file start37.txt (compact mmCIF, C-alpha atoms and all ligand atoms)
# COMPACT_ATOMS: atom_id res chain seq x y z
CA MET M 14 -2.93 -40.57 2.64
CA GLY M 15 -5.12 -37.60 3.69
CA PRO M 16 -6.57 -34.97 1.37
CA VAL M 17 -4.12 -32.77 -0.54
CA LEU M 18 -4.70 -29.14 -1.44
CA GLY M 19 -4.58 -29.09 -5.23
CA LYS M 20 -3.15 -26.09 -7.06
CA GLU M 21 -6.31 -25.59 -9.07
CA CYS M 22 -9.59 -25.03 -7.28
CA SER M 23 -12.38 -26.88 -9.09
CA PRO M 24 -15.77 -25.15 -9.57
CA LEU M 25 -17.24 -27.67 -7.12
CA GLU M 26 -14.72 -26.88 -4.41
CA ARG M 27 -15.25 -23.16 -4.99
CA LEU M 28 -18.98 -23.70 -4.45
CA GLU M 29 -18.33 -25.71 -1.28
CA ILE M 30 -16.12 -22.94 0.10
CA SER M 31 -18.69 -20.30 -0.65
CA LEU M 32 -21.39 -22.41 1.06
CA LEU M 33 -19.12 -22.91 4.06
CA LEU M 34 -18.46 -19.18 4.42
CA GLU M 35 -22.15 -18.36 3.94
CA GLY M 36 -23.09 -21.00 6.54
CA ILE M 37 -20.59 -19.58 9.03
CA PHE M 38 -21.93 -16.09 8.44
CA GLN M 39 -25.57 -17.09 8.83
CA HIS M 40 -25.03 -19.37 11.82
CA TYR M 41 -22.28 -17.56 13.76
CA GLY M 42 -22.32 -14.04 12.30
CA TYR M 43 -18.61 -14.10 11.33
CA ASP M 44 -18.24 -12.64 7.87
CA PHE M 45 -15.26 -14.15 6.07
CA ARG M 46 -17.05 -14.08 2.71
CA ASN M 47 -14.89 -11.28 1.34
CA TYR M 48 -11.51 -12.43 2.51
CA SER M 49 -8.94 -13.19 -0.18
CA PHE M 50 -9.97 -16.50 -1.76
CA PRO M 51 -6.52 -18.18 -1.96
CA TYR M 52 -5.85 -17.25 1.68
CA THR M 53 -9.24 -18.49 2.90
CA ARG M 54 -8.87 -21.71 0.93
CA ARG M 55 -5.43 -22.42 2.41
CA ARG M 56 -6.65 -21.82 5.96
CA ILE M 57 -9.77 -23.93 5.47
CA TRP M 58 -7.67 -26.84 4.20
CA HIS M 59 -5.30 -26.43 7.11
CA ARG M 60 -8.30 -27.04 9.38
CA ILE M 61 -9.61 -29.93 7.27
CA VAL M 62 -6.26 -31.71 7.53
CA SER M 63 -5.87 -30.94 11.27
CA GLU M 64 -9.32 -32.38 12.00
CA ASP M 65 -8.72 -35.43 9.83
CA LEU M 66 -11.64 -34.60 7.56
CA ARG M 67 -11.93 -35.31 3.86
CA ASN M 68 -13.34 -32.24 2.19
CA VAL M 69 -14.91 -28.80 2.60
CA SER M 70 -18.48 -30.12 2.77
CA GLU M 71 -17.53 -32.36 5.66
CA LEU M 72 -16.07 -29.36 7.48
CA LEU M 73 -19.27 -27.41 6.80
CA GLY M 74 -21.45 -30.18 8.29
CA ARG M 75 -19.29 -30.33 11.43
CA VAL M 76 -18.65 -26.66 11.97
CA LEU M 77 -22.34 -25.74 12.03
CA ARG M 78 -22.91 -28.15 14.91
CA ASP M 79 -19.68 -27.71 16.83
CA ALA M 80 -18.91 -24.23 18.21
CA GLN M 81 -15.47 -25.33 19.40
CA LEU M 82 -14.53 -26.37 15.91
CA MET M 83 -15.73 -22.94 14.80
CA ASP M 84 -13.38 -21.39 17.37
CA ARG M 85 -10.47 -23.33 15.91
CA LEU M 86 -11.37 -22.32 12.37
CA PHE M 87 -11.78 -18.73 13.53
CA GLU M 88 -8.22 -18.82 14.89
CA ASP M 89 -7.02 -20.19 11.54
CA LEU M 90 -8.73 -17.36 9.68
CA SER M 91 -7.48 -14.55 11.92
CA ILE M 92 -3.73 -15.02 11.70
CA HIS M 93 -2.08 -12.93 14.37
CA VAL M 94 1.63 -12.88 13.45
CA THR M 95 3.06 -9.62 14.72
CA GLU M 96 6.06 -8.12 16.48
CA MET M 97 7.13 -4.90 18.15
CA PHE M 98 8.36 -2.21 15.75
CA ARG M 99 7.57 -4.63 12.93
CA ASP M 100 9.00 -3.26 9.67
CA PRO M 101 11.01 -0.61 11.55
CA SER M 102 11.23 1.65 8.49
CA PHE M 103 7.49 2.31 8.88
CA PHE M 104 7.97 3.61 12.41
CA LEU M 105 11.02 5.60 11.33
CA ALA M 106 9.01 7.25 8.55
CA PHE M 107 6.14 7.98 10.93
CA ARG M 108 8.57 9.41 13.48
CA GLU M 109 10.24 11.68 10.93
CA GLN M 110 7.33 12.65 8.70
CA GLY M 111 4.19 12.20 10.80
CA ILE M 112 5.14 13.32 14.30
CA PRO M 113 6.14 16.92 13.35
CA LEU M 114 2.65 17.44 11.94
CA LEU M 115 0.96 16.20 15.11
CA ARG M 116 2.89 18.39 17.54
CA ASP M 117 0.58 21.39 17.48
CA LEU M 118 -2.67 19.47 17.88
CA PRO M 119 -4.39 19.74 21.29
CA TYR M 120 -5.10 15.99 21.34
CA VAL M 121 -4.47 13.02 19.07
CA ARG M 122 -6.59 9.90 18.65
CA ILE M 123 -4.85 6.97 16.96
CA TRP M 124 -6.65 3.86 15.71
CA HIS M 125 -4.68 0.65 15.23
CA ALA M 126 -7.10 -1.50 13.25
CA GLY M 127 -6.24 -5.22 13.38
CA CYS M 128 -3.87 -4.75 16.32
CA SER M 129 -3.46 -8.47 17.01
CA THR M 130 -1.91 -9.07 20.46
CA GLY M 131 -0.93 -5.42 20.95
CA GLU M 132 2.74 -5.25 19.99
CA GLU M 133 2.09 -2.57 17.37
CA ALA M 134 0.16 -0.36 19.81
CA TYR M 135 2.90 -0.68 22.47
CA SER M 136 5.50 0.27 19.87
CA MET M 137 3.51 3.37 18.97
CA ALA M 138 3.13 4.31 22.64
CA ILE M 139 6.91 4.08 23.13
CA LEU M 140 7.55 6.22 20.05
CA LEU M 141 5.03 8.86 21.20
CA HIS M 142 6.50 8.86 24.70
CA GLU M 143 9.95 9.55 23.28
CA GLU M 144 8.58 12.36 21.15
CA GLY M 145 6.85 13.91 24.18
CA LEU M 146 3.34 13.39 22.78
CA LEU M 147 2.01 10.43 24.73
CA GLU M 148 0.17 12.54 27.30
CA LYS M 149 -2.19 14.01 24.75
CA VAL M 150 -2.68 10.78 22.82
CA ARG M 151 -5.25 8.02 23.12
CA ILE M 152 -4.53 4.82 21.23
CA TYR M 153 -7.60 2.80 20.21
CA ALA M 154 -6.43 -0.69 19.34
CA THR M 155 -9.03 -3.01 17.83
CA ASP M 156 -9.20 -6.52 16.44
CA ILE M 157 -11.84 -9.02 15.39
CA ASN M 158 -10.40 -11.67 17.70
CA GLN M 159 -11.24 -11.30 21.40
CA ARG M 160 -8.48 -13.73 22.42
CA HIS M 161 -5.85 -11.56 20.78
CA LEU M 162 -7.25 -8.56 22.65
CA GLU M 163 -7.16 -10.32 26.02
CA LYS M 164 -3.46 -10.99 25.49
CA ALA M 165 -2.91 -7.40 24.40
CA LYS M 166 -4.59 -6.03 27.53
CA LYS M 167 -2.20 -8.01 29.73
CA GLY M 168 0.80 -6.40 28.02
CA LEU M 169 3.01 -9.44 28.72
CA PHE M 170 5.32 -10.49 25.93
CA PRO M 171 7.86 -13.33 25.68
CA LEU M 172 11.31 -12.47 26.96
CA SER M 173 12.73 -14.55 24.11
CA ARG M 174 11.48 -11.97 21.57
CA MET M 175 13.19 -8.98 23.19
CA GLN M 176 16.44 -9.31 21.28
CA GLN M 177 14.62 -9.01 17.97
CA TYR M 178 12.35 -6.24 19.28
CA THR M 179 15.35 -4.28 20.55
CA LYS M 180 16.92 -4.50 17.11
CA ASN M 181 13.67 -3.33 15.48
CA TYR M 182 13.35 -0.49 18.01
CA LEU M 183 16.83 0.81 17.26
CA GLN M 184 16.22 0.61 13.51
CA SER M 185 13.00 2.56 13.97
CA GLY M 186 14.93 5.54 15.34
CA GLY M 187 14.75 4.65 19.04
CA ALA M 188 17.78 5.88 20.94
CA LYS M 189 17.29 4.62 24.49
CA ALA M 190 17.95 1.27 26.10
CA PHE M 191 14.85 -0.68 25.09
CA SER M 192 14.93 -2.56 28.41
CA GLU M 193 14.01 0.71 30.18
CA TYR M 194 10.44 0.11 29.05
CA TYR M 195 9.87 -3.26 30.62
CA SER M 196 10.56 -5.42 33.65
CA VAL M 197 11.31 -9.11 33.37
CA ARG M 198 8.93 -11.61 34.99
CA GLN M 199 10.38 -15.07 34.52
CA SER M 200 9.98 -15.93 30.85
CA ARG M 201 7.94 -12.84 30.04
CA VAL M 202 8.27 -9.08 30.21
CA ALA M 203 5.70 -6.54 31.40
CA PHE M 204 5.76 -3.12 29.79
CA SER M 205 5.46 0.03 31.92
CA SER M 206 1.88 0.90 32.81
CA TYR M 207 2.18 4.51 31.59
CA LEU M 208 2.25 2.99 28.08
CA SER M 209 -0.92 0.93 28.48
CA ASP M 210 -2.67 3.80 30.29
CA ALA M 211 -2.86 5.54 26.92
CA MET M 212 -4.52 2.55 25.23
CA VAL M 213 -8.05 1.26 24.85
CA PHE M 214 -8.44 -2.26 23.45
CA SER M 215 -11.77 -3.28 21.99
CA GLN M 216 -13.34 -5.67 19.53
CA HIS M 217 -14.15 -4.24 16.12
CA ASN M 218 -14.79 -6.10 12.89
CA LEU M 219 -13.61 -4.27 9.79
CA ALA M 220 -15.90 -6.41 7.62
CA THR M 221 -19.15 -5.54 9.39
CA ASP M 222 -18.76 -2.76 11.99
CA HIS M 223 -19.04 0.98 11.51
CA SER M 224 -16.91 3.93 12.43
CA PHE M 225 -16.74 4.61 16.17
CA ASN M 226 -14.82 7.88 16.44
CA GLU M 227 -12.84 10.46 14.51
CA PHE M 228 -9.08 9.90 14.42
CA GLN M 229 -6.04 11.96 13.59
CA VAL M 230 -4.13 8.79 12.69
CA ILE M 231 -5.31 5.39 11.45
CA ILE M 232 -2.85 2.54 11.12
CA CYS M 233 -3.83 -0.74 9.55
CA ARG M 234 -0.89 -2.90 8.53
CA ASN M 235 -0.82 -6.51 7.39
CA VAL M 236 -4.60 -6.84 7.54
CA LEU M 237 -5.94 -5.72 4.15
CA ILE M 238 -3.71 -8.30 2.46
CA TYR M 239 -6.15 -10.94 3.74
CA PHE M 240 -9.18 -9.23 2.17
CA ASN M 241 -10.48 -9.27 -1.39
CA GLU M 242 -10.94 -6.02 -3.29
CA THR M 243 -14.58 -5.55 -2.32
CA LEU M 244 -13.74 -5.73 1.36
CA GLN M 245 -10.65 -3.56 0.91
CA GLN M 246 -12.90 -0.90 -0.63
CA ARG M 247 -15.31 -1.14 2.29
CA VAL M 248 -12.49 -0.69 4.75
CA MET M 249 -11.07 2.24 2.79
CA ARG M 250 -14.44 3.99 2.95
CA LEU M 251 -14.62 3.23 6.66
CA PHE M 252 -11.18 4.74 7.21
CA ASP M 253 -11.99 7.74 5.06
CA SER M 254 -15.11 8.48 7.09
CA SER M 255 -13.19 7.95 10.36
CA LEU M 256 -10.20 10.18 9.57
CA ALA M 257 -10.14 13.83 10.62
CA PRO M 258 -9.12 16.40 7.98
CA ASN M 259 -5.32 16.34 7.67
CA GLY M 260 -5.29 12.93 9.36
CA PHE M 261 -2.77 10.22 8.52
CA LEU M 262 -3.48 6.79 7.11
CA GLY M 263 -0.63 4.28 7.45
CA LEU M 264 -0.96 0.98 5.59
CA GLY M 265 2.65 -0.28 5.62
CA SER M 266 4.83 -1.57 2.82
CA LYS M 267 3.28 -5.06 2.60
CA GLU M 268 -0.06 -3.92 1.24
CA GLY M 269 -0.62 -4.31 -2.47
CA LEU M 270 -1.67 -1.37 -4.53
CA ILE M 271 -4.70 0.16 -2.89
CA HIS M 272 -6.41 1.57 -5.98
CA GLN M 273 -8.62 3.95 -4.04
CA ILE M 274 -5.72 5.96 -2.76
CA ARG M 275 -4.53 6.90 -6.22
CA TYR M 276 -7.84 8.44 -7.19
CA SER M 277 -8.72 10.09 -3.95
CA ASP M 278 -7.64 13.39 -2.55
CA TYR M 279 -4.98 12.01 -0.27
CA GLU M 280 -1.45 13.33 -0.30
CA THR M 281 1.26 10.68 -0.36
CA ILE M 282 3.57 11.26 2.58
CA ASN M 283 5.70 8.16 2.08
CA ALA M 284 5.05 5.94 -0.96
CA LYS M 285 7.09 2.95 0.23
CA GLU M 286 5.53 2.80 3.68
CA LYS M 287 2.12 3.73 2.27
CA ILE M 288 1.55 6.66 4.56
CA TYR M 289 -1.06 9.11 3.27
CA ARG M 290 -2.57 12.33 4.50
CA LYS M 291 -6.17 13.27 4.04
CA GLY M 292 -6.95 16.67 2.54
CA GLU M 293 -8.72 19.58 4.21
CA ILE M 294 -12.52 19.51 4.18
CA LYS M 295 -12.62 22.19 1.48
CA ASP M 296 -10.73 19.88 -0.89
CA ARG M 297 -13.05 16.96 -0.31
CA GLY M 298 -15.68 15.86 -2.77
CA LYS M 299 -13.76 13.50 -4.98
CA GLY M 300 -13.36 11.30 -1.94
CA PHE M 301 -13.25 7.55 -2.22
CA LEU M 302 -15.02 5.89 -5.09
CA THR M 303 -18.20 4.01 -4.27
CA ASN M 304 -18.17 0.29 -5.02
CA GLU M 305 -20.18 0.91 -8.19
CA GLN M 306 -17.88 3.71 -9.37
CA TYR M 307 -14.91 1.54 -8.62
CA GLN M 308 -16.21 -1.41 -10.64
CA ASN M 309 -17.08 0.86 -13.58
CA HIS M 310 -13.66 2.41 -13.37
CA ASP M 311 -12.04 -1.02 -13.37
CA ARG M 312 -14.16 -2.15 -16.30
CA ARG M 313 -13.01 0.89 -18.30
CA ARG M 314 -9.41 0.06 -17.59
CA SER M 315 -9.65 -3.61 -18.61
C1 LIG M 401 -1.23 -10.41 10.76
S1 LIG M 401 -2.03 -9.58 12.04
C2 LIG M 401 -1.36 -7.94 11.90
C3 LIG M 401 -1.11 -7.32 13.25
C4 LIG M 401 -0.43 -5.96 13.22
N1 LIG M 401 -1.26 -4.95 12.56
C5 LIG M 401 0.93 -6.03 12.56
O1 LIG M 401 1.09 -5.52 11.45
O2 LIG M 401 1.83 -6.61 13.14
C6 LIG M 401 -3.68 -9.40 11.37
C7 LIG M 401 -4.72 -9.11 12.44
O3 LIG M 401 -5.92 -8.70 11.76
C8 LIG M 401 -7.01 -9.21 12.49
N2 LIG M 401 -8.21 -9.24 11.62
C9 LIG M 401 -8.50 -10.12 10.64
N3 LIG M 401 -9.70 -9.84 10.12
C10 LIG M 401 -10.17 -8.74 10.78
C11 LIG M 401 -11.36 -7.99 10.70
N4 LIG M 401 -12.34 -8.31 9.84
N5 LIG M 401 -11.53 -6.93 11.54
C12 LIG M 401 -10.57 -6.62 12.43
N6 LIG M 401 -9.40 -7.30 12.56
C13 LIG M 401 -9.21 -8.35 11.73
C14 LIG M 401 -6.53 -10.60 12.92
O4 LIG M 401 -7.29 -11.09 14.01
C15 LIG M 401 -5.08 -10.33 13.27
O5 LIG M 401 -4.92 -10.04 14.63

call {"tool": "encode", "arguments": {"input": "start37.txt", "output": "structure tokens", "more": "lines below"}}
Ligand SMILES: C[S@@+](CC[C@H](N)C(=O)[O-])C[C@H]1O[C@@H](n2cnc3c(N)ncnc32)[C@H](O)[C@@H]1O
result
Amino acid sequence: MGPVLGKECSPLERLEISLLLEGIFQHYGYDFRNYSFPYTRRRIWHRIVSEDLRNVSELLGRVLRDAQLMDRLFEDLSIHVTEMFRDPSFFLAFREQGIPLLRDLPYVRIWHAGCSTGEEAYSMAILLHEEGLLEKVRIYATDINQRHLEKAKKGLFPLSRMQQYTKNYLQSGGAKAFSEYYSVRQSRVAFSSYLSDAMVFSQHNLATDHSFNEFQVIICRNVLIYFNETLQQRVMRLFDSSLAPNGFLGLGSKEGLIHQIRYSDYETINAKEKIYRKGEIKDRGKGFLTNEQYQNHDRRRS
């Protein structure tokens, strides 16, 4: 029988995992050190079992010498599950509560952080097209994983998913025939090029990279759930410094409680879908707590 992932993580295994993540960071530059521990542990053990290894230290020894094994582990750690109009109520809320406030702007830059294989960005482009805003919008879709981005750039999605995506689209407030947006090519569909013309796909690592523009909208759904609190705070500061005054931050309903939001000067636009709006510059100052402030604050509460 192969190794089994125990419920409890022993201090020794915890040390091995932290050495593994440190080794990966130092050798390959990928920083998974502040991902959620239970998530990282599960994914590491998935790789250990798949490679027929016995323990974390064995994986560490191999991964430092074998870049292809690192690629496989990297895929394990950057889960890319996604779909078009995923959680349709988010898109419905954005359509009803966000779009009216974007209408008068001369241009709109939207950042989809952790865009996976692009389905979320294509959904947004369709929504903006229907609302007559696509022409003045540029969608910046980023991800840590270059392979996901290559797929996204092609804009080809499995035909077999279209039934589900059509259902999502209709629930998100879409009123057209969804098939108007794509043409079928054997087992895949290609979305109209006027949608992808509005998009720029590029690699960006939320754990290590800095801000690269100022945005009127930032959407980051189903990504922060994989991070620990320290990394979530980093990303929140990154988003705060990348959002224009009055800009929207959309985190989606799956995120846990993002403490920062409650103490910052963001207006809640939709509590369930976790859509927030940044205040005007004159109201700023309280801003997001620094890591140190945050830890002190947490200590006071406990
Ligand atoms: C589960 S998918 C979510 C995709 C999409 N936002 C959605 O909600 O359907 C998470 C994505 O986050 C990306 N990701 C993980 N860590 C990241 C990081 N440090 N920086 C940028 N993207 C990251 C993964 O590669 C993956 O594509």

call {"tool": "residues_near_ligand", "arguments": {"input": "start37.txt", "ligand": "ligand LIG 401 (chain M)", "cutoff": "7 Å", "atoms": "all atoms listed in the file", "output": "list of chain:residue names"}}
result
M:Ser91, M:Ile92, M:His93, M:Val94, M:Thr95, M:Glu96, M:Arg99, M:Ala126, M:Gly127, M:Cys128, M:Ser129, M:Thr130, M:Glu133, M:Thr155, M:Asp156, M:Ile157, M:Asn158, M:His161, M:His217, M:Asn218, M:Leu219, M:Ala220, M:Cys233, M:Arg234, M:Asn235, M:Val236

call {"tool": "closest_residue", "arguments": {"input": "start37.txt", "among": "M:Ala80, M:Leu162, M:Leu25, M:Val230", "to": "Ile112 of chain M", "atoms": "only C-alpha atoms"}}
result
M:Val230

call {"tool": "residues_near_point", "arguments": {"input": "start37.txt", "point": "(16.3, -7.6, 18.4)", "cutoff": "12 Å", "atoms": "all atoms listed in the file", "output": "ChimeraX atom specification"}}
result
/M:96-99,101,172-185,190-192

call {"tool": "residues_around", "arguments": {"input": "start37.txt", "residues": "Val248 of chain M", "least_positions_apart": "4", "cutoff": "9 Å", "atoms": "only C-alpha atoms", "output": "number ranges by chain"}}
result
M: 219-220, 237, 243-244, 252-253

call {"tool": "residues_around", "arguments": {"input": "start37.txt", "residues": "segment 257-270 of chain M", "least_positions_apart": "4", "cutoff": "7 Å", "atoms": "only C-alpha atoms", "output": "VMD selection string"}}
result
chain M and resid 103 227 to 235 237 to 238 285 to 294

call {"tool": "closest_residue", "arguments": {"input": "start37.txt", "among": "M:Ala165, M:Glu193, M:Gly186, M:Gln245", "to": "Ser209 of chain M", "atoms": "all atoms listed in the file"}}
result
M:Ala165

call {"tool": "atom_distance", "arguments": {"input": "start37.txt", "atom1": "atom CA of Asp222 of chain M", "atom2": "atom CA of Tyr52 of chain M"}}
result
22.0 Å
